[in-house]
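> Submitted below is the structure of interest, expressed as structure tokens.
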Amino acid sequence: MHNRDAVFLEDLCPKLRDRRWRKSLHEFTGKSCIYCGENSESIDHVLPRSKGGLSITENCVPACLSCNGRKTDSDAFEWYRQQRFYDPRRSMAIRAWTEGDIRLALRLLKWAQPKKGKNLEKSKTQLSEDYSWQAA
Ligand SMILES: [Zn+2]
């Protein structure tokens, strides 16, 4: 895993490493909260630090301040299931994320978020393609 090597090299400069790491987490989801899809402004520990959760990618997800603040120290999955914006695809994405499968997590998130950003453009294109099909 070249990922591990990169982390090892950046151990030489922990501050830079931390900043770049946090930024990369937000970039994974296009700066959107993994729970509700709003702008992610913070990093949430899926397993809270108070319960021994580590500050590693598998345990840290981009979250908006609202979700991060309301979740507090509860179990992320239990808390999330009780939310109005609960989406089983997002829940699966969070699960995949915590298992280290970021790519699967991102695919699930895109699927759960058809209304936003790039996906919107994509669905518009899709729509016009369908339309031209019918016209032809
Ligand atoms: Zn949120």
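Residues are referred to by chain and number: the chain letter is A, B, ... according to the order shown in the structure tokens, the number counts from 1 in that chain, and ligands are numbered separately from 1 in the order shown.
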Show me, as a list in words, the residues that have an atom within 10 Å of Cys60 (chain A) when counting only C-alpha atoms, minus same-chain residues fewer than 5 positions from it.
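Here the qualifying residues turn out to be Arg22, Leu25, Ser42, Ile43, Asp44, His45, Val46, Leu47, Pro48, Gly53, Leu54, Ser55, Ile94, Trp97 and Thr98 of chain A.
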> Mind listing the residues within 10 Å of ligand 1, only C-alpha atoms and all ligand atoms counted, as a PDB file with all heavy atoms, in the first residue's frame?

ATOM      1  N   SER A  32     -18.481  17.581   1.440  1.00  0.00           N
ATOM      2  CA  SER A  32     -19.845  17.425   1.954  1.00  0.00           C
ATOM      3  C   SER A  32     -19.869  16.450   3.124  1.00  0.00           C
ATOM      4  O   SER A  32     -19.089  15.499   3.194  1.00  0.00           O
ATOM      5  CB  SER A  32     -20.796  16.991   0.830  1.00  0.00           C
ATOM      6  OG  SER A  32     -20.611  15.643   0.528  1.00  0.00           O
ATOM      7  N   CYS A  33     -20.762  16.751   4.030  1.00  0.00           N
ATOM      8  CA  CYS A  33     -20.924  15.978   5.256  1.00  0.00           C
ATOM      9  C   CYS A  33     -21.336  14.550   4.908  1.00  0.00           C
ATOM     10  O   CYS A  33     -22.260  14.336   4.131  1.00  0.00           O
ATOM     11  CB  CYS A  33     -21.985  16.643   6.121  1.00  0.00           C
ATOM     12  SG  CYS A  33     -22.472  15.695   7.570  1.00  0.00           S
ATOM     13  N   ILE A  34     -20.649  13.578   5.468  1.00  0.00           N
ATOM     14  CA  ILE A  34     -20.936  12.186   5.125  1.00  0.00           C
ATOM     15  C   ILE A  34     -22.311  11.764   5.646  1.00  0.00           C
ATOM     16  O   ILE A  34     -22.932  10.856   5.112  1.00  0.00           O
ATOM     17  CB  ILE A  34     -19.821  11.252   5.676  1.00  0.00           C
ATOM     18  CG1 ILE A  34     -19.797   9.939   4.892  1.00  0.00           C
ATOM     19  CG2 ILE A  34     -19.972  11.025   7.179  1.00  0.00           C
ATOM     20  CD1 ILE A  34     -18.549   9.108   5.091  1.00  0.00           C
ATOM     21  N   TYR A  35     -22.811  12.459   6.652  1.00  0.00           N
ATOM     22  CA  TYR A  35     -24.104  12.089   7.236  1.00  0.00           C
ATOM     23  C   TYR A  35     -25.280  12.719   6.493  1.00  0.00           C
ATOM     24  O   TYR A  35     -26.252  12.046   6.172  1.00  0.00           O
ATOM     25  CB  TYR A  35     -24.171  12.509   8.711  1.00  0.00           C
ATOM     26  CG  TYR A  35     -23.106  11.877   9.575  1.00  0.00           C
ATOM     27  CD1 TYR A  35     -22.061  12.640  10.087  1.00  0.00           C
ATOM     28  CD2 TYR A  35     -23.148  10.509   9.875  1.00  0.00           C
ATOM     29  CE1 TYR A  35     -21.079  12.062  10.885  1.00  0.00           C
ATOM     30  CE2 TYR A  35     -22.173   9.932  10.672  1.00  0.00           C
ATOM     31  CZ  TYR A  35     -21.142  10.710  11.174  1.00  0.00           C
ATOM     32  OH  TYR A  35     -20.177  10.153  11.959  1.00  0.00           O
ATOM     33  N   CYS A  36     -25.199  14.036   6.241  1.00  0.00           N
ATOM     34  CA  CYS A  36     -26.377  14.726   5.707  1.00  0.00           C
ATOM     35  C   CYS A  36     -26.140  15.373   4.348  1.00  0.00           C
ATOM     36  O   CYS A  36     -27.085  15.806   3.705  1.00  0.00           O
ATOM     37  CB  CYS A  36     -26.862  15.768   6.708  1.00  0.00           C
ATOM     38  SG  CYS A  36     -25.787  17.208   6.816  1.00  0.00           S
ATOM     39  N   GLY A  37     -24.895  15.461   3.896  1.00  0.00           N
ATOM     40  CA  GLY A  37     -24.635  16.031   2.575  1.00  0.00           C
ATOM     41  C   GLY A  37     -24.429  17.539   2.556  1.00  0.00           C
ATOM     42  O   GLY A  37     -24.117  18.110   1.522  1.00  0.00           O
ATOM     43  N   GLU A  38     -24.588  18.198   3.696  1.00  0.00           N
ATOM     44  CA  GLU A  38     -24.305  19.637   3.757  1.00  0.00           C
ATOM     45  C   GLU A  38     -22.789  19.858   3.694  1.00  0.00           C
ATOM     46  O   GLU A  38     -22.024  18.910   3.717  1.00  0.00           O
ATOM     47  CB  GLU A  38     -24.862  20.237   5.056  1.00  0.00           C
ATOM     48  CG  GLU A  38     -26.371  20.203   5.166  1.00  0.00           C
ATOM     49  CD  GLU A  38     -27.058  20.979   4.043  1.00  0.00           C
ATOM     50  OE1 GLU A  38     -26.572  22.071   3.685  1.00  0.00           O
ATOM     51  OE2 GLU A  38     -28.072  20.480   3.524  1.00  0.00           O
ATOM     52  N   ASN A  39     -22.387  21.139   3.661  1.00  0.00           N
ATOM     53  CA  ASN A  39     -20.951  21.427   3.614  1.00  0.00           C
ATOM     54  C   ASN A  39     -20.229  20.863   4.832  1.00  0.00           C
ATOM     55  O   ASN A  39     -20.670  21.080   5.953  1.00  0.00           O
ATOM     56  CB  ASN A  39     -20.710  22.933   3.554  1.00  0.00           C
ATOM     57  CG  ASN A  39     -20.903  23.464   2.146  1.00  0.00           C
ATOM     58  OD1 ASN A  39     -20.979  22.685   1.196  1.00  0.00           O
ATOM     59  ND2 ASN A  39     -20.979  24.768   2.031  1.00  0.00           N
ATOM     60  N   SER A  40     -19.143  20.152   4.590  1.00  0.00           N
ATOM     61  CA  SER A  40     -18.381  19.617   5.719  1.00  0.00           C
ATOM     62  C   SER A  40     -17.422  20.686   6.201  1.00  0.00           C
ATOM     63  O   SER A  40     -16.663  21.253   5.427  1.00  0.00           O
ATOM     64  CB  SER A  40     -17.615  18.364   5.303  1.00  0.00           C
ATOM     65  OG  SER A  40     -16.668  18.659   4.307  1.00  0.00           O
ATOM     66  N   GLU A  41     -17.514  20.999   7.473  1.00  0.00           N
ATOM     67  CA  GLU A  41     -16.657  22.040   8.046  1.00  0.00           C
ATOM     68  C   GLU A  41     -15.793  21.475   9.158  1.00  0.00           C
ATOM     69  O   GLU A  41     -15.055  22.196   9.801  1.00  0.00           O
ATOM     70  CB  GLU A  41     -17.519  23.177   8.602  1.00  0.00           C
ATOM     71  CG  GLU A  41     -18.250  23.934   7.514  1.00  0.00           C
ATOM     72  CD  GLU A  41     -19.640  24.361   7.949  1.00  0.00           C
ATOM     73  OE1 GLU A  41     -20.267  23.636   8.743  1.00  0.00           O
ATOM     74  OE2 GLU A  41     -20.091  25.412   7.487  1.00  0.00           O
ATOM     75  N   SER A  42     -15.935  20.182   9.395  1.00  0.00           N
ATOM     76  CA  SER A  42     -15.184  19.589  10.493  1.00  0.00           C
ATOM     77  C   SER A  42     -14.941  18.120  10.192  1.00  0.00           C
ATOM     78  O   SER A  42     -15.483  17.571   9.241  1.00  0.00           O
ATOM     79  CB  SER A  42     -15.978  19.723  11.797  1.00  0.00           C
ATOM     80  OG  SER A  42     -17.207  19.036  11.663  1.00  0.00           O
ATOM     81  N   ASP A  44     -15.276  14.436  11.860  1.00  0.00           N
ATOM     82  CA  ASP A  44     -15.934  13.732  12.954  1.00  0.00           C
ATOM     83  C   ASP A  44     -15.281  12.364  13.178  1.00  0.00           C
ATOM     84  O   ASP A  44     -14.974  11.653  12.224  1.00  0.00           O
ATOM     85  CB  ASP A  44     -17.415  13.530  12.629  1.00  0.00           C
ATOM     86  CG  ASP A  44     -18.134  12.814  13.771  1.00  0.00           C
ATOM     87  OD1 ASP A  44     -18.029  13.284  14.912  1.00  0.00           O
ATOM     88  OD2 ASP A  44     -18.781  11.783  13.508  1.00  0.00           O
ATOM     89  N   PRO A  62     -15.620  13.448   7.031  1.00  0.00           N
ATOM     90  CA  PRO A  62     -16.013  14.851   6.919  1.00  0.00           C
ATOM     91  C   PRO A  62     -17.440  15.019   7.419  1.00  0.00           C
ATOM     92  O   PRO A  62     -18.318  14.222   7.058  1.00  0.00           O
ATOM     93  CB  PRO A  62     -15.958  15.122   5.406  1.00  0.00           C
ATOM     94  CG  PRO A  62     -15.264  13.946   4.806  1.00  0.00           C
ATOM     95  CD  PRO A  62     -15.471  12.805   5.722  1.00  0.00           C
ATOM     96  N   ALA A  63     -17.660  16.012   8.243  1.00  0.00           N
ATOM     97  CA  ALA A  63     -19.006  16.236   8.773  1.00  0.00           C
ATOM     98  C   ALA A  63     -19.273  17.727   8.889  1.00  0.00           C
ATOM     99  O   ALA A  63     -18.342  18.521   9.065  1.00  0.00           O
ATOM    100  CB  ALA A  63     -19.161  15.576  10.141  1.00  0.00           C
ATOM    101  N   CYS A  64     -20.540  18.107   8.788  1.00  0.00           N
ATOM    102  CA  CYS A  64     -20.886  19.508   9.012  1.00  0.00           C
ATOM    103  C   CYS A  64     -20.859  19.754  10.519  1.00  0.00           C
ATOM    104  O   CYS A  64     -20.884  18.809  11.317  1.00  0.00           O
ATOM    105  CB  CYS A  64     -22.249  19.834   8.412  1.00  0.00           C
ATOM    106  SG  CYS A  64     -23.625  19.024   9.226  1.00  0.00           S
ATOM    107  N   LEU A  65     -20.827  21.015  10.901  1.00  0.00           N
ATOM    108  CA  LEU A  65     -20.739  21.334  12.326  1.00  0.00           C
ATOM    109  C   LEU A  65     -21.975  20.852  13.065  1.00  0.00           C
ATOM    110  O   LEU A  65     -21.913  20.413  14.213  1.00  0.00           O
ATOM    111  CB  LEU A  65     -20.566  22.841  12.506  1.00  0.00           C
ATOM    112  CG  LEU A  65     -19.212  23.392  12.049  1.00  0.00           C
ATOM    113  CD1 LEU A  65     -19.187  24.908  12.165  1.00  0.00           C
ATOM    114  CD2 LEU A  65     -18.071  22.766  12.846  1.00  0.00           C
ATOM    115  N   SER A  66     -23.117  20.918  12.376  1.00  0.00           N
ATOM    116  CA  SER A  66     -24.368  20.518  13.002  1.00  0.00           C
ATOM    117  C   SER A  66     -24.353  19.027  13.369  1.00  0.00           C
ATOM    118  O   SER A  66     -24.654  18.651  14.497  1.00  0.00           O
ATOM    119  CB  SER A  66     -25.513  20.852  12.045  1.00  0.00           C
ATOM    120  OG  SER A  66     -26.660  20.148  12.397  1.00  0.00           O
ATOM    121  N   CYS A  67     -23.997  18.174  12.416  1.00  0.00           N
ATOM    122  CA  CYS A  67     -23.950  16.735  12.696  1.00  0.00           C
ATOM    123  C   CYS A  67     -22.885  16.428  13.744  1.00  0.00           C
ATOM    124  O   CYS A  67     -23.116  15.668  14.679  1.00  0.00           O
ATOM    125  CB  CYS A  67     -23.659  15.945  11.426  1.00  0.00           C
ATOM    126  SG  CYS A  67     -25.063  15.863  10.303  1.00  0.00           S
ATOM    127  N   ASN A  68     -21.732  17.026  13.560  1.00  0.00           N
ATOM    128  CA  ASN A  68     -20.631  16.777  14.475  1.00  0.00           C
ATOM    129  C   ASN A  68     -21.023  17.170  15.901  1.00  0.00           C
ATOM    130  O   ASN A  68     -20.765  16.450  16.862  1.00  0.00           O
ATOM    131  CB  ASN A  68     -19.394  17.570  14.024  1.00  0.00           C
ATOM    132  CG  ASN A  68     -18.109  16.993  14.577  1.00  0.00           C
ATOM    133  OD1 ASN A  68     -18.132  16.218  15.537  1.00  0.00           O
ATOM    134  ND2 ASN A  68     -16.993  17.350  13.982  1.00  0.00           N
ATOM    135  N   GLY A  69     -21.703  18.305  16.019  1.00  0.00           N
ATOM    136  CA  GLY A  69     -22.094  18.792  17.328  1.00  0.00           C
ATOM    137  C   GLY A  69     -23.196  17.955  17.960  1.00  0.00           C
ATOM    138  O   GLY A  69     -23.186  17.693  19.152  1.00  0.00           O
ATOM    139  N   ARG A  70     -24.164  17.532  17.140  1.00  0.00           N
ATOM    140  CA  ARG A  70     -25.288  16.794  17.695  1.00  0.00           C
ATOM    141  C   ARG A  70     -24.953  15.345  18.011  1.00  0.00           C
ATOM    142  O   ARG A  70     -25.546  14.728  18.881  1.00  0.00           O
ATOM    143  CB  ARG A  70     -26.479  16.857  16.738  1.00  0.00           C
ATOM    144  CG  ARG A  70     -27.254  18.147  16.876  1.00  0.00           C
ATOM    145  CD  ARG A  70     -28.452  18.137  15.982  1.00  0.00           C
ATOM    146  NE  ARG A  70     -28.042  18.101  14.579  1.00  0.00           N
ATOM    147  CZ  ARG A  70     -28.850  17.746  13.585  1.00  0.00           C
ATOM    148  NH1 ARG A  70     -30.064  17.377  13.831  1.00  0.00           N
ATOM    149  NH2 ARG A  70     -28.402  17.752  12.345  1.00  0.00           N
ATOM    150  N   LYS A  71     -24.032  14.794  17.256  1.00  0.00           N
ATOM    151  CA  LYS A  71     -23.689  13.384  17.450  1.00  0.00           C
ATOM    152  C   LYS A  71     -22.987  13.184  18.793  1.00  0.00           C
ATOM    153  O   LYS A  71     -23.181  12.175  19.459  1.00  0.00           O
ATOM    154  CB  LYS A  71     -22.782  12.921  16.311  1.00  0.00           C
ATOM    155  CG  LYS A  71     -22.336  11.493  16.431  1.00  0.00           C
ATOM    156  CD  LYS A  71     -21.513  11.129  15.208  1.00  0.00           C
ATOM    157  CE  LYS A  71     -20.513  10.021  15.526  1.00  0.00           C
ATOM    158  NZ  LYS A  71     -19.272  10.496  16.158  1.00  0.00           N
ATOM    159  N   TYR A  80     -26.996   7.991  13.701  1.00  0.00           N
ATOM    160  CA  TYR A  80     -27.371   8.313  12.335  1.00  0.00           C
ATOM    161  C   TYR A  80     -28.734   7.721  11.966  1.00  0.00           C
ATOM    162  O   TYR A  80     -29.543   8.349  11.304  1.00  0.00           O
ATOM    163  CB  TYR A  80     -26.283   7.832  11.372  1.00  0.00           C
ATOM    164  CG  TYR A  80     -26.573   8.205   9.942  1.00  0.00           C
ATOM    165  CD1 TYR A  80     -26.893   9.528   9.602  1.00  0.00           C
ATOM    166  CD2 TYR A  80     -26.564   7.255   8.935  1.00  0.00           C
ATOM    167  CE1 TYR A  80     -27.178   9.881   8.302  1.00  0.00           C
ATOM    168  CE2 TYR A  80     -26.846   7.606   7.630  1.00  0.00           C
ATOM    169  CZ  TYR A  80     -27.155   8.919   7.319  1.00  0.00           C
ATOM    170  OH  TYR A  80     -27.450   9.253   6.031  1.00  0.00           O
ATOM    171  N   PHE A  85     -32.598  12.742   8.138  1.00  0.00           N
ATOM    172  CA  PHE A  85     -31.931  12.627   6.842  1.00  0.00           C
ATOM    173  C   PHE A  85     -31.257  11.270   6.652  1.00  0.00           C
ATOM    174  O   PHE A  85     -30.463  11.086   5.752  1.00  0.00           O
ATOM    175  CB  PHE A  85     -30.925  13.768   6.652  1.00  0.00           C
ATOM    176  CG  PHE A  85     -29.999  13.963   7.829  1.00  0.00           C
ATOM    177  CD1 PHE A  85     -28.898  13.147   8.013  1.00  0.00           C
ATOM    178  CD2 PHE A  85     -30.246  14.979   8.747  1.00  0.00           C
ATOM    179  CE1 PHE A  85     -28.051  13.330   9.088  1.00  0.00           C
ATOM    180  CE2 PHE A  85     -29.393  15.172   9.826  1.00  0.00           C
ATOM    181  CZ  PHE A  85     -28.299  14.344  10.009  1.00  0.00           C
TER     182      PHE A  85
END
> Kindly give the distance, in Å, that separates CA of Asp87 (chain A) and CA of Asn59 (chain A), rounded to a single decimal.
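It comes out at 19.5 Å.
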> Mind giving me the straight-line distance from CA of Thr29 (chain A) to CA of Thr72 (chain A) in Å, one decimal?
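Atom-to-atom, CA of Thr29 (chain A) and CA of Thr72 (chain A) are spaced 21.4 Å apart.
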> Need to verify the contact set: Glu99 (chain A), 12 Å, only C-alpha atoms, exclusion of same-chain residues closer than 3 positions in sequence. Can you return it as a PyMOL selection string?
chain A and resi 46+56-60+92-96+102-105
> Could you save those same residues with N, CA, C and O atoms as an mmCIF file, in the first residue's frame?

data_model
loop_
_atom_site.group_PDB
_atom_site.id
_atom_site.type_symbol
_atom_site.label_atom_id
_atom_site.label_comp_id
_atom_site.auth_asym_id
_atom_site.auth_seq_id
_atom_site.Cartn_x
_atom_site.Cartn_y
_atom_site.Cartn_z
ATOM 1 N N VAL A 46 -15.777 8.758 14.001
ATOM 2 C CA VAL A 46 -16.896 7.819 13.996
ATOM 3 C C VAL A 46 -16.986 7.139 15.364
ATOM 4 O O VAL A 46 -18.032 7.140 16.006
ATOM 5 N N ILE A 56 -7.427 8.418 12.633
ATOM 6 C CA ILE A 56 -6.945 7.826 11.388
ATOM 7 C C ILE A 56 -8.074 7.918 10.361
ATOM 8 O O ILE A 56 -9.239 8.076 10.734
ATOM 9 N N THR A 57 -7.713 7.818 9.105
ATOM 10 C CA THR A 57 -8.709 7.995 8.043
ATOM 11 C C THR A 57 -9.924 7.105 8.251
ATOM 12 O O THR A 57 -11.058 7.546 8.093
ATOM 13 N N GLU A 58 -9.698 5.868 8.638
ATOM 14 C CA GLU A 58 -10.818 4.928 8.805
ATOM 15 C C GLU A 58 -11.802 5.357 9.889
ATOM 16 O O GLU A 58 -12.931 4.899 9.898
ATOM 17 N N ASN A 59 -11.350 6.204 10.791
ATOM 18 C CA ASN A 59 -12.234 6.612 11.883
ATOM 19 C C ASN A 59 -12.666 8.069 11.781
ATOM 20 O O ASN A 59 -13.399 8.553 12.634
ATOM 21 N N CYS A 60 -12.215 8.763 10.755
ATOM 22 C CA CYS A 60 -12.495 10.186 10.659
ATOM 23 C C CYS A 60 -13.210 10.509 9.357
ATOM 24 O O CYS A 60 -12.706 10.214 8.279
ATOM 25 N N MET A 92 -24.218 2.722 4.679
ATOM 26 C CA MET A 92 -23.307 1.747 4.085
ATOM 27 C C MET A 92 -21.979 2.402 3.721
ATOM 28 O O MET A 92 -20.912 1.805 3.856
ATOM 29 N N ALA A 93 -22.078 3.655 3.247
ATOM 30 C CA ALA A 93 -20.864 4.389 2.874
ATOM 31 C C ALA A 93 -19.977 4.609 4.103
ATOM 32 O O ALA A 93 -18.763 4.444 4.037
ATOM 33 N N ILE A 94 -20.609 4.978 5.208
ATOM 34 C CA ILE A 94 -19.840 5.217 6.431
ATOM 35 C C ILE A 94 -19.188 3.906 6.888
ATOM 36 O O ILE A 94 -18.034 3.876 7.302
ATOM 37 N N ARG A 95 -19.956 2.826 6.771
ATOM 38 C CA ARG A 95 -19.424 1.504 7.136
ATOM 39 C C ARG A 95 -18.205 1.165 6.272
ATOM 40 O O ARG A 95 -17.159 0.747 6.780
ATOM 41 N N ALA A 96 -18.353 1.377 4.968
ATOM 42 C CA ALA A 96 -17.241 1.080 4.048
ATOM 43 C C ALA A 96 -16.030 1.949 4.394
ATOM 44 O O ALA A 96 -14.893 1.480 4.409
ATOM 45 N N ILE A 102 -12.467 3.411 0.998
ATOM 46 C CA ILE A 102 -12.923 4.758 0.680
ATOM 47 C C ILE A 102 -13.589 4.800 -0.699
ATOM 48 O O ILE A 102 -14.588 5.491 -0.903
ATOM 49 N N ARG A 103 -13.053 4.035 -1.621
ATOM 50 C CA ARG A 103 -13.617 4.065 -2.982
ATOM 51 C C ARG A 103 -15.055 3.592 -2.995
ATOM 52 O O ARG A 103 -15.906 4.189 -3.647
ATOM 53 N N LEU A 104 -15.321 2.521 -2.284
ATOM 54 C CA LEU A 104 -16.696 2.039 -2.185
ATOM 55 C C LEU A 104 -17.556 3.079 -1.476
ATOM 56 O O LEU A 104 -18.676 3.374 -1.895
ATOM 57 N N ALA A 105 -17.016 3.662 -0.423
ATOM 58 C CA ALA A 105 -17.756 4.680 0.329
ATOM 59 C C ALA A 105 -18.158 5.829 -0.584
ATOM 60 O O ALA A 105 -19.297 6.291 -0.560
#
> Rounded to one decimal place, report the CA of Ala112 (chain A)-CA of Arg89 (chain A) distance in Å.
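Distance reported for this atom pair: 5.8 Å.
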